[in-house]
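One file, work-v1.cif, is given below (mmCIF, C-alpha atoms).
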```
data_structure
loop_
_atom_site.group_PDB
_atom_site.id
_atom_site.type_symbol
_atom_site.label_atom_id
_atom_site.label_comp_id
_atom_site.auth_asym_id
_atom_site.auth_seq_id
_atom_site.Cartn_x
_atom_site.Cartn_y
_atom_site.Cartn_z
ATOM 1 C CA MET U 66 -119.292 -77.618 90.612
ATOM 2 C CA ALA U 67 -117.622 -77.298 87.231
ATOM 3 C CA LYS U 68 -118.728 -74.517 84.914
ATOM 4 C CA LYS U 69 -118.694 -74.269 81.184
ATOM 5 C CA GLY U 70 -116.717 -71.394 79.690
ATOM 6 C CA THR U 71 -115.374 -70.020 76.461
ATOM 7 C CA GLY U 72 -111.748 -69.275 75.875
ATOM 8 C CA TYR U 73 -109.452 -68.240 73.066
ATOM 9 C CA PHE U 74 -106.015 -69.424 72.083
ATOM 10 C CA ASP U 75 -103.281 -67.497 70.341
ATOM 11 C CA ARG U 76 -101.126 -69.100 67.647
ATOM 12 C CA LYS U 77 -98.721 -70.446 70.253
ATOM 13 C CA GLY U 78 -101.540 -72.206 72.096
ATOM 14 C CA ASN U 79 -101.688 -69.843 75.070
ATOM 15 C CA PHE U 80 -105.166 -69.522 76.606
ATOM 16 C CA PHE U 81 -106.945 -66.159 76.957
ATOM 17 C CA LYS U 82 -110.341 -65.197 78.322
ATOM 18 C CA THR U 83 -111.120 -62.854 75.422
ATOM 19 C CA GLY U 84 -110.490 -62.941 71.702
ATOM 20 C CA ARG U 85 -108.962 -59.464 71.919
ATOM 21 C CA GLU U 86 -106.315 -60.680 74.373
ATOM 22 C CA ALA U 87 -105.444 -63.605 72.103
ATOM 23 C CA THR U 88 -105.184 -61.288 69.082
ATOM 24 C CA GLU U 89 -102.988 -58.850 71.013
ATOM 25 C CA SER U 90 -100.730 -61.750 71.937
ATOM 26 C CA ASP U 91 -100.427 -62.776 68.285
ATOM 27 C CA LEU U 92 -99.674 -59.189 67.218
ATOM 28 C CA ALA U 93 -97.055 -58.815 69.941
ATOM 29 C CA ALA U 94 -95.423 -62.061 68.792
ATOM 30 C CA LEU U 95 -95.329 -60.757 65.203
ATOM 31 C CA LEU U 96 -93.700 -57.520 66.365
ATOM 32 C CA GLY U 97 -91.085 -59.351 68.412
ATOM 33 C CA GLN U 98 -88.860 -57.718 71.017
ATOM 34 C CA ILE U 99 -89.118 -53.935 70.871
ATOM 35 C CA GLY U 100 -86.897 -51.864 73.124
ATOM 36 C CA ASP U 101 -84.460 -52.753 75.854
ATOM 37 C CA GLY U 102 -85.668 -54.699 78.851
ATOM 38 C CA GLU U 103 -89.357 -55.538 78.835
ATOM 39 C CA SER U 104 -90.701 -55.407 75.281
ATOM 40 C CA LEU U 105 -92.980 -52.588 74.160
ATOM 41 C CA ALA U 106 -94.678 -54.974 71.691
ATOM 42 C CA PRO U 107 -97.711 -55.814 73.907
ATOM 43 C CA GLY U 108 -98.551 -52.116 74.329
ATOM 44 C CA ILE U 109 -98.072 -51.472 70.626
ATOM 45 C CA ALA U 110 -100.276 -54.467 69.796
ATOM 46 C CA HIS U 111 -102.999 -53.031 72.047
ATOM 47 C CA MET U 112 -102.707 -49.651 70.313
ATOM 48 C CA LEU U 113 -102.821 -51.267 66.854
ATOM 49 C CA LEU U 114 -106.158 -52.876 67.686
ATOM 50 C CA ASP U 115 -107.512 -49.628 69.150
ATOM 51 C CA ARG U 116 -106.550 -47.694 66.003
ATOM 52 C CA ARG U 117 -107.326 -50.429 63.509
ATOM 53 C CA LEU U 118 -109.686 -48.370 61.313
ATOM 54 C CA GLU U 119 -107.202 -45.521 60.955
ATOM 55 C CA ILE U 120 -104.372 -47.959 60.239
ATOM 56 C CA GLU U 121 -106.393 -49.825 57.607
ATOM 57 C CA ARG U 122 -107.323 -46.492 55.980
ATOM 58 C CA LEU U 123 -103.646 -45.501 55.945
ATOM 59 C CA PHE U 124 -102.652 -48.780 54.282
ATOM 60 C CA ALA U 125 -105.422 -48.362 51.683
ATOM 61 C CA GLU U 126 -104.123 -44.869 50.865
ATOM 62 C CA HIS U 127 -100.581 -46.247 50.699
ATOM 63 C CA ASP U 128 -101.632 -48.999 48.290
ATOM 64 C CA GLU U 129 -103.375 -46.426 46.091
ATOM 65 C CA MET U 130 -100.278 -44.198 46.018
ATOM 66 C CA MET U 131 -98.040 -47.137 45.163
ATOM 67 C CA ALA U 132 -100.369 -48.179 42.322
ATOM 68 C CA GLU U 133 -100.361 -44.615 40.950
ATOM 69 C CA GLU U 134 -96.578 -44.452 41.224
ATOM 70 C CA ALA U 135 -96.182 -47.758 39.381
ATOM 71 C CA ALA U 136 -98.580 -46.583 36.663
ATOM 72 C CA SER U 137 -96.713 -43.293 36.210
ATOM 73 C CA LYS U 138 -93.377 -45.106 35.930
ATOM 74 C CA GLY U 139 -94.850 -47.311 33.222
ATOM 75 C CA ALA U 140 -96.173 -44.329 31.231
ATOM 76 C CA LYS U 141 -94.047 -43.108 28.327
ATOM 77 C CA LEU U 142 -92.510 -39.688 28.759
ATOM 78 C CA THR U 143 -92.817 -37.253 25.874
ATOM 79 C CA ASP U 144 -89.791 -35.166 24.943
ATOM 80 C CA ILE U 145 -90.887 -31.515 24.920
ATOM 81 C CA SER U 146 -87.430 -29.923 24.910
ATOM 82 C CA ASP U 147 -88.056 -28.359 21.463
ATOM 83 C CA LYS U 148 -91.223 -26.655 22.786
ATOM 84 C CA VAL U 149 -89.604 -24.936 25.766
ATOM 85 C CA ALA U 150 -88.317 -21.379 25.407
ATOM 86 C CA LYS U 151 -84.694 -20.979 26.372
ATOM 87 C CA ILE U 152 -83.938 -18.079 28.717
ATOM 88 C CA PRO U 153 -80.759 -16.215 27.845
ATOM 89 C CA ARG U 154 -78.181 -16.174 30.616
ATOM 90 C CA SER U 155 -77.005 -12.798 31.789
ATOM 91 C CA ALA U 156 -73.282 -12.164 32.100
ATOM 92 C CA SER U 157 -72.304 -11.777 35.735
#
```
Would you mind writing the file's structure down as structure tokens?
Amino acid sequence: MAKKGTGYFDRKGNFFKTGREATESDLAALLGQIGDGESLAPGIAHMLLDRRLEIERLFAEHDEMMAEEAASKGAKLTDISDKVAKIPRSAS
């Protein structure tokens, strides 16, 4: 007798039993061929999902650093050369 089931499809239309498997397939496709011979992309995709929270935190920190860097580049620099004491050079 036929049974009803749920399945998931990746972006290429491949069928998977779990949503995680379909997502890993999509991630592996985005990564492309990694390494010689059999691609390392499926294993990396699996690891990316396992470490998702840490990776998202890292990207958030990166975005914050980039925003700070852009803001500091836009800030005007003040010339303080006349307020700095000059150290006399010794004759060697």
Nearby residues, (-111.7, -70.0, 69.6) file frame, 12 Å, only C-alpha atoms, as a ChimeraX atom specification: /U:70-76,78-88
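The set of residues that the PyMOL selection byres ((chain U and resi 94) around 12) takes from this file is Asp75, Arg76, Lys77, Asn79, Ala87, Thr88, Glu89, Ser90, Asp91, Leu92, Ala93, Leu95, Leu96, Gly97, Gln98, Ile99, Ser104, Leu105, Ala106, Pro107, Gly108, Ile109 and Ala110 of chain U.
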d(atom CA of U:Glu103, atom CA of U:Asp115) in Å: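 Atom CA of U:Glu103 sits 21.4 Å away from atom CA of U:Asp115.
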Interatomic distance, atom CA of U:Leu123 to atom CA of U:Gly100 (Å, one decimal):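 Interatomic distance, atom CA of U:Leu123 to atom CA of U:Gly100: 24.8 Å.
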